[in-house]
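A.B. asks: Quick one: structure below, then a few questions.
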Amino acid sequence: MPEKKMGMKGSPTAQVHLDGVRVSDARRIGEEGQGFAIALSALDGGRLGIAACAIGVAQAALDEALGYATERRQFGRPIADFQGLRFMLADMATQIEAGRALYLAAARLRDAGRPFAKQAAMAKLHCTDTAMRVTTDAVQILGGYGYTADFPAERYMREAKVLQIVEGTNQIQRMVIARHLAGPETR
Ligand SMILES: Cc1cc2nc3c(=O)[nH]c(=O)nc-3n(C[C@H](O)[C@H](O)[C@H](O)COP(=O)(O)OP(=O)(O)OC[C@H]3O[C@@H](n4cnc5c(N)ncnc54)[C@H](O)[C@@H]3O)c2cc1C
């Protein structure tokens, strides 16, 4: 049975149970005993994909918020005139640009065949936290409409949330980054 989720509904999620499955040597990826390392290395690439998705969601939320703020008028002028909202929009755009630069830098390392695990974890962490902040701010800028399903902002916020969880939660990304900086934890 597919899970009932708050977002990511275009991609059904279900559990897969493998019980007593036999796989021939010819179908095995890598050598015996290497499976965990291979699975972990696949995550590094996946994190770049999640980072890119997060920046896409954040950009869509900024575009929506900007369009609304220039159209909606209160106190005789567009709400985009108010400094409180202008500063929010400026922060949203800056965080998005920084995130885009971070995941593209990590992707360039990967393309060049150089180590990129730390940079992929940093990109996943920064871009998905950015998506959560930016989409939440977009809902705020749309005011009451932002909280309704008549506008896409609330959906962007729900889509951003899962990106902080999948492909290793953002707590795990911090652990990965810290290990690259300070080595493995000691007990
Ligand atoms: C929509 C969706 C799709 C998914 N798709 C897949 C998939 O295709 N394949 C797949 O294998 N999995 C998939 N998952 C599972 C996903 O990878 C896990 O949910 C995620 O890695 C977190 O693991 P958990 O749920 O067991 O949380 P837990 O490990 O139980 O963590 C719970 C909380 O504790 C924190 N935590 C745990 N350990 C530590 C620690 N050492 N230090 C600090 N904080 C910690 C976590 O960050 C989290 O906040 C999917 C999940 C969702 C929601």
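Residues are referred to by chain and number: the chain letter is A, B, ... according to the order shown in the structure tokens, the number counts from 1 in that chain, and ligands are numbered separately from 1 in the order shown.
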Need to verify the contact set: Arg47 (chain A), 6 Å, only C-alpha atoms, exclusion of same-chain residues closer than 3 positions in sequence. Can you return it as a ChimeraX atom specification?
C.D. replies: /A:44,50,120,124
A.B. asks: Create the file for the chosen residues now, containing C-alpha atoms and written as a CSV table (one decimal), in the first residue's frame.
C.D. replies:
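Contents of part-v2.csv, freshly written:
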```csv
chain,number,residue,atom,x,y,z
A,44,ASP,CA,26.3,11.3,-2.6
A,50,ILE,CA,17.8,16.6,-3.9
A,120,ALA,CA,27.3,17.1,-1.8
A,124,LYS,CA,21.9,19.0,0.3
```
A.B. asks: Would you return as a ChimeraX atom specification the members of chain A that DSSP assigns to strand (DSSP E) on this structure's backbone?
C.D. replies: /A:73-74,77-78
A.B. asks: Collect all residues with atoms no farther than 10 Å from ligand 1, counting only C-alpha atoms and all ligand atoms, and output them as an MDAnalysis selection string.
C.D. replies: chainID A and resid 3:9 11:16 39 43 159 161:175
A.B. asks: Using only C-alpha atoms, which protein or nucleic acid residues come within 12 Å of Ala105 (chain A)? Drop anything in the same chain fewer than 5 positions from it, and give the result as JSON, numbers by chain.
C.D. replies: {"A": [48, 51, 52, 98, 99, 100, 110, 111, 112, 114, 115, 116, 117, 118, 119, 120, 122, 123]}
A.B. asks: Between region 35-80 of chain A and region 144-148 of chain A, at 12 Å or less, what are the per-residue closest atom pairs and their distances in Å? Count only C-alpha atoms, order by chain and rising residue number, and return it as a Markdown table.
C.D. replies:
```
| residue | atom | partner | partner_atom | distance |
| --- | --- | --- | --- | --- |
| A:Ala61 | CA | A:Gly146 | CA | 10.6 |
| A:Glu64 | CA | A:Gly146 | CA | 10.0 |
| A:Ala65 | CA | A:Gly146 | CA | 9.1 |
| A:Tyr68 | CA | A:Gly146 | CA | 10.0 |
| A:Ala69 | CA | A:Gly146 | CA | 11.6 |
| A:Arg72 | CA | A:Tyr145 | CA | 11.1 |
```
A.B. asks: Per DSSP on the backbone, filter region 81-160 of chain A down to the residues in alpha helix (DSSP H) and report them as a PyMOL selection string.
C.D. replies: chain A and resi 83-111+117-141+153-160
A.B. asks: Please determine, counting only C-alpha atoms, which residue among A:Ala178, A:Ala37, A:Asp63, A:Ile55 has the shortest atom-to-atom distance to Pro152 (chain A).
C.D. replies: A:Asp63
A.B. asks: Between CA of Ala54 (chain A) and CA of Cys127 (chain A), what is the distance in Å, rounded to a tenth?
C.D. replies: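 Separating CA of Ala54 (chain A) from CA of Cys127 (chain A) is a distance of 5.8 Å.
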A.B. asks: Residues within 12 Å of Gly67 (chain A), please, as an mmCIF file with N, CA, C and O atoms, in the first residue's frame. Count only C-alpha atoms; anything in the same chain fewer than 3 positions from it doesn't count.
C.D. replies:
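File written: around-v4.cif
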```
data_model
loop_
_atom_site.group_PDB
_atom_site.id
_atom_site.type_symbol
_atom_site.label_atom_id
_atom_site.label_comp_id
_atom_site.auth_asym_id
_atom_site.auth_seq_id
_atom_site.Cartn_x
_atom_site.Cartn_y
_atom_site.Cartn_z
ATOM 1 N N ALA A 60 10.526 28.551 -7.466
ATOM 2 C CA ALA A 60 9.101 28.636 -7.809
ATOM 3 C C ALA A 60 8.354 29.432 -6.738
ATOM 4 O O ALA A 60 7.476 30.256 -7.048
ATOM 5 N N ALA A 61 8.708 29.204 -5.472
ATOM 6 C CA ALA A 61 8.049 29.925 -4.369
ATOM 7 C C ALA A 61 8.383 31.419 -4.419
ATOM 8 O O ALA A 61 7.508 32.267 -4.208
ATOM 9 N N LEU A 62 9.645 31.729 -4.727
ATOM 10 C CA LEU A 62 10.032 33.145 -4.833
ATOM 11 C C LEU A 62 9.282 33.804 -5.989
ATOM 12 O O LEU A 62 8.759 34.927 -5.838
ATOM 13 N N ASP A 63 9.208 33.130 -7.134
ATOM 14 C CA ASP A 63 8.505 33.693 -8.297
ATOM 15 C C ASP A 63 7.043 33.979 -7.946
ATOM 16 O O ASP A 63 6.490 35.025 -8.300
ATOM 17 N N GLU A 64 6.422 33.031 -7.239
ATOM 18 C CA GLU A 64 5.022 33.180 -6.838
ATOM 19 C C GLU A 64 4.868 34.375 -5.887
ATOM 20 O O GLU A 64 3.969 35.211 -6.062
ATOM 21 N N THR A 70 3.799 42.150 -6.083
ATOM 22 C CA THR A 70 3.736 43.313 -6.967
ATOM 23 C C THR A 70 2.284 43.613 -7.388
ATOM 24 O O THR A 70 1.958 44.738 -7.740
ATOM 25 N N GLU A 71 1.400 42.599 -7.305
ATOM 26 C CA GLU A 71 -0.002 42.783 -7.693
ATOM 27 C C GLU A 71 -0.889 43.237 -6.539
ATOM 28 O O GLU A 71 -1.716 44.136 -6.681
ATOM 29 N N ARG A 72 -0.714 42.616 -5.396
ATOM 30 C CA ARG A 72 -1.578 42.867 -4.233
ATOM 31 C C ARG A 72 -1.326 44.271 -3.658
ATOM 32 O O ARG A 72 -0.171 44.639 -3.404
ATOM 33 N N ARG A 73 -2.401 45.031 -3.462
ATOM 34 C CA ARG A 73 -2.260 46.381 -2.921
ATOM 35 C C ARG A 73 -2.875 46.458 -1.534
ATOM 36 O O ARG A 73 -3.963 45.938 -1.296
ATOM 37 N N PRO A 78 1.327 48.698 -3.801
ATOM 38 C CA PRO A 78 1.638 47.263 -3.827
ATOM 39 C C PRO A 78 2.397 46.865 -2.562
ATOM 40 O O PRO A 78 3.243 47.638 -2.096
ATOM 41 N N ILE A 79 2.081 45.688 -2.041
ATOM 42 C CA ILE A 79 2.767 45.279 -0.796
ATOM 43 C C ILE A 79 4.269 45.097 -1.025
ATOM 44 O O ILE A 79 5.047 45.111 -0.076
ATOM 45 N N ALA A 80 4.684 44.933 -2.300
ATOM 46 C CA ALA A 80 6.121 44.836 -2.606
ATOM 47 C C ALA A 80 6.853 46.144 -2.330
ATOM 48 O O ALA A 80 8.087 46.182 -2.355
ATOM 49 N N LEU A 89 12.104 39.335 0.453
ATOM 50 C CA LEU A 89 12.333 38.898 -0.936
ATOM 51 C C LEU A 89 13.833 38.900 -1.262
ATOM 52 O O LEU A 89 14.342 37.978 -1.920
ATOM 53 N N ALA A 138 7.308 32.505 1.538
ATOM 54 C CA ALA A 138 6.386 32.747 0.422
ATOM 55 C C ALA A 138 4.937 32.659 0.913
ATOM 56 O O ALA A 138 4.093 33.493 0.560
ATOM 57 N N ILE A 141 4.151 35.848 2.680
ATOM 58 C CA ILE A 141 3.973 37.005 1.792
ATOM 59 C C ILE A 141 2.584 36.971 1.135
ATOM 60 O O ILE A 141 1.984 38.013 0.877
ATOM 61 N N LEU A 142 2.065 35.776 0.884
ATOM 62 C CA LEU A 142 0.720 35.672 0.301
ATOM 63 C C LEU A 142 -0.380 35.865 1.356
ATOM 64 O O LEU A 142 -1.577 35.861 1.015
ATOM 65 N N PHE A 151 -3.703 28.729 -4.058
ATOM 66 C CA PHE A 151 -2.409 29.210 -4.549
ATOM 67 C C PHE A 151 -1.362 28.113 -4.301
ATOM 68 O O PHE A 151 -1.498 27.336 -3.351
ATOM 69 N N ALA A 153 1.629 28.195 -3.111
ATOM 70 C CA ALA A 153 2.670 28.390 -2.089
ATOM 71 C C ALA A 153 2.627 27.311 -1.002
ATOM 72 O O ALA A 153 3.673 26.802 -0.570
#
```
A.B. asks: Rounded to one decimal, what separation in Å do you get between CA of Gly84 (chain A) and CA of Thr135 (chain A)?
C.D. replies: 16.7 Å
